Every structure is written in C-alpha cells, then in structure tokens.
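Chemist: This is the structure I have questions about; it appears just below.
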Amino acid sequence: MHKKQHLFAALVAFALVNTGLCFAQEESPEAASYESTEETPTEEATSEEAPVQAPQPIYYIVPAQTQAPQNDPAPAAQSHYTNISETTASQPLPVATPAARESRVSLFFEADLSYYLTSQSYEEESEYDLNTHRDDVYAYQYYDGQGFAVGLSLGAVIKDFVGLRGFLNIGMQSGESSYESKDVRCDSCSNINTDWTDYRFGAVATLFPFNSTRNALYNSYLDIMFGAAIHERDDNVAEDYDREVTATGFLKFEIGKLFPISKSWNIGFGVAYSLDYSFTYSVSSTEEIDYGDFGHSLWVGARFAFKRNKD
C-alpha cells in the first residue's frame, strides 16, 4: 500500500509537471500570436496605404520630372543650358565690330606711251591804214611730223566713276616745216627738216560711264584734258622767222579701255584727238591784225594705270 501511494504520488507529480509544461507551451504561442497580432495591424495598415501611395510616383512624380527643365533649373552637372552670368563673369562676351567701310575716294595714277601725228599751221596778217605809212605784213609757217610722247598723271577717282588728275606730257617729233614772210626773203624755206619738242601740262577729268563689273565695257573711259603747251622747233631758219619757241592752249579728248590685272593695277589703250590753239583778231581805225596758230594731232597709245577696281 505504501508503494502504491508512492507510485500514485509520482504519477500525480508527473501529471502536474506535464500540465505545467503544456500550460507553458500554450502560453508562448499565444504571446507570439498576440505579438503578431499587434504587428499585423501595422502591416495591414501599410498594405492598405500602399495602394494609395503607389500611384503617386507613377502619375505625379513622373510628369513633374518631364516639366522640371521648364520650371526648375537642372543640376549643374546635367544642365544643357549655359548660365549667362557665369559666362560673363568668366569670359567677356564678344563685341560686334562694324565692318570697315571702303573709302569712296581712291588713288588714281597713270603712265602712258603714245604715238602721235601732228599737222600745224601758223598764219599772221596785218593790214595798216595808209595814213600810218606802214606796209602790210604777212607771215606763214606750216609743219607736219610724227613721234612719240610719254605722260604721267596723278590724282584721285571717286566711287570708280569720275576722276581728276594733274598731268605732264613730253613729246618729240621729226617732220618738215615751210616758212614764208614779207619781211624775210628765203628762196629755200620749204620742206625744211625740223625737230619738234612738246611740253604739255594741265588737268585731266576722267569719266567711267560703264560702272558695273557685269558690263563688258567696264573700265572704258572718256578723258578730257586741258592746259598749256610749249613747242620748241629746231631747224635752220626757225629763229629768223621768230618761230623757235611758241605757246598755245591745249585741249585733248581721249577714249579707251582699261583691263584689270589685279585689284588695283590695269593696262589698256586709248585713241585721242588734240587741238593746240592760239589766235588774235583785232581791228582799229589804223590797223587790222589777224593772227592764228593751230595744231591738230591724232594719238594712239598704251596705258598703265593704278586705281582700285570693283570686285
């Protein structure tokens, strides 16, 4: 009986221990369930709020990024635009300089070599009243010759259209002269070999009427020269007739064309006619004087000119 009591007591104790263990096992799942229950609402709340917040980066953030370059400046490393203030501070902006305007006036220089033919006639007649007891006077001199002349001119041309220059021309000819005078008796004063030297100086006005480079006549010109001429004659009887040195006015017309060989240099040719003249006519109660000295020349020559041409 005593052993049964001890066995029963052991069983009771084992049952109590098992009961305590079971109770402990049941208590720990509850705690876990309880803790999970407390965390689950948070997760459920998060899962419930997530669908509401998820469209925000999809529908609102993405459009905001596409509009960012218009409203907000991009980061410096990714910006495609230049900050003007930074550029101005680091490097000055280039300043536009106006294009230089070409002057309307340019240098005009010309050298020429010409061949020319001259025919000159001099006639003088003086008629006096009988009351003066003076004899009438007459004198004649004729010359025909040919030779070469060189000339230089310097001035300016305006807008490649009109120019004005001063010129100096020296020519030398060889020809024949004939003399006749009432005061000088000469039986052999015809067809005398005569050397003739001309000195001409004055001004020349030049017009370029065809001012377009598209025109085939571009650089064609018209010259009008005017000034004075001094003629020296060297023969055996010129001094006897007081014709060794004479002076006349001078007028010359020339047409020609220049051909550009560079921006400023030109070569060309021209033909010209010139008139040398000196005359006097006077009438009084006692005398009538008629004096005329005229020379006609034809010229043809080459020109070498410096003037700025159009592009």
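Labeling convention for the structure tokens: chains A, B, ... as they appear, residues from 1 per chain, ligands from 1 in order of appearance.
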I'd like the contact shell of region 219-234 of chain A - 8 Å cut-off, only C-alpha atoms, skipping same-chain residues fewer than 3 positions apart - returned as a PyMOL selection string.

Modeler: chain A and resi 194-211+238+243-259+276

Chemist: From the set A:Leu107, A:Ala305, A:Leu113, A:Ile192, which residue has the shortest atom-to-atom contact distance to Ser178 (chain A), counting only C-alpha atoms?

Modeler: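 Distance minimum relative to Ser178 (chain A) lands on A:Ile192.
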
Chemist: From region 62-276 of chain A, collect each residue whose DSSP state is helix (DSSP H, G or I) and return the set as a PyMOL selection string.

Modeler: chain A and resi 62-71+84-90+130-132

Chemist: Write the selection just made, keeping C-alpha atoms, as a JSON list (two decimals), in the first residue's frame?

Modeler:
[["chain", "number", "residue", "atom", "x", "y", "z"],
["A", 62, "VAL", "CA", 6.98, 61.27, -63.45],
["A", 63, "PRO", "CA", 5.14, 64.25, -65.07],
["A", 64, "ALA", "CA", 6.90, 66.54, -62.61],
["A", 65, "GLN", "CA", 10.24, 65.25, -63.92],
["A", 66, "THR", "CA", 9.27, 65.93, -67.54],
["A", 67, "GLN", "CA", 8.34, 69.53, -66.61],
["A", 68, "ALA", "CA", 11.38, 70.11, -64.43],
["A", 69, "PRO", "CA", 13.57, 71.68, -67.17],
["A", 70, "GLN", "CA", 10.87, 74.29, -67.72],
["A", 71, "ASN", "CA", 10.27, 75.27, -64.09],
["A", 84, "ILE", "CA", 24.92, 83.72, -68.81],
["A", 85, "SER", "CA", 26.02, 85.32, -65.56],
["A", 86, "GLU", "CA", 28.72, 82.68, -65.09],
["A", 87, "THR", "CA", 29.84, 83.06, -68.71],
["A", 88, "THR", "CA", 30.01, 86.83, -68.38],
["A", 89, "ALA", "CA", 31.99, 86.57, -65.18],
["A", 90, "SER", "CA", 34.48, 84.04, -66.53],
["A", 130, "LEU", "CA", 47.54, 154.45, -145.50],
["A", 131, "ASN", "CA", 47.76, 157.34, -143.03],
["A", 132, "THR", "CA", 50.20, 155.36, -140.90]]

Chemist: So what do you get for CA of Gly268 (chain A) versus CA of Leu168 (chain A), distance-wise?

Modeler: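 Answer for the CA of Gly268 (chain A) to CA of Leu168 (chain A) separation: 19.0 Å.
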
Chemist: Please, what distance in Å, to one decimal, runs between CA of Phe148 (chain A) and CA of Asn193 (chain A)?

Modeler: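 Taking CA of Phe148 (chain A) and CA of Asn193 (chain A), their separation equals 17.2 Å.
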
Chemist: Just the strand (DSSP E) stuff from region 74-231 of chain A, please, per backbone DSSP, written as JSON, numbers by chain.

Modeler: {"A": [105, 106, 107, 108, 109, 110, 111, 112, 113, 114, 115, 116, 117, 118, 119, 120, 121, 122, 123, 124, 125, 126, 127, 128, 137, 138, 139, 140, 141, 142, 143, 144, 145, 146, 147, 148, 149, 150, 151, 152, 153, 154, 155, 156, 157, 158, 162, 163, 164, 165, 166, 167, 168, 169, 170, 171, 172, 173, 174, 175, 176, 177, 178, 179, 180, 181, 192, 193, 194, 195, 196, 197, 198, 199, 200, 201, 202, 203, 204, 205, 206, 207, 220, 221, 222, 223, 224, 225, 226, 227, 228, 229, 230, 231]}

Chemist: Between A:Val137, A:Tyr116, A:Asn215, A:Trp265, which is the closest to Met172 (chain A) once you count only C-alpha atoms?

Modeler: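 Smallest distance to Met172 (chain A) is found for A:Tyr116.
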
Chemist: If we count only C-alpha atoms and set the cut-off at 12 Å, which residues sit around Asp135 (chain A), ignoring sequence neighbours fewer than 3 positions away in its own chain? Please answer as a list in words.

Modeler: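 Listing them by chain and then by number gives Glu125, Ser126, Glu127, Tyr128, Asp129, Leu130, Asn131, Thr132, Tyr138, Lys182, Asp183, Thr286 and Glu287 of chain A.
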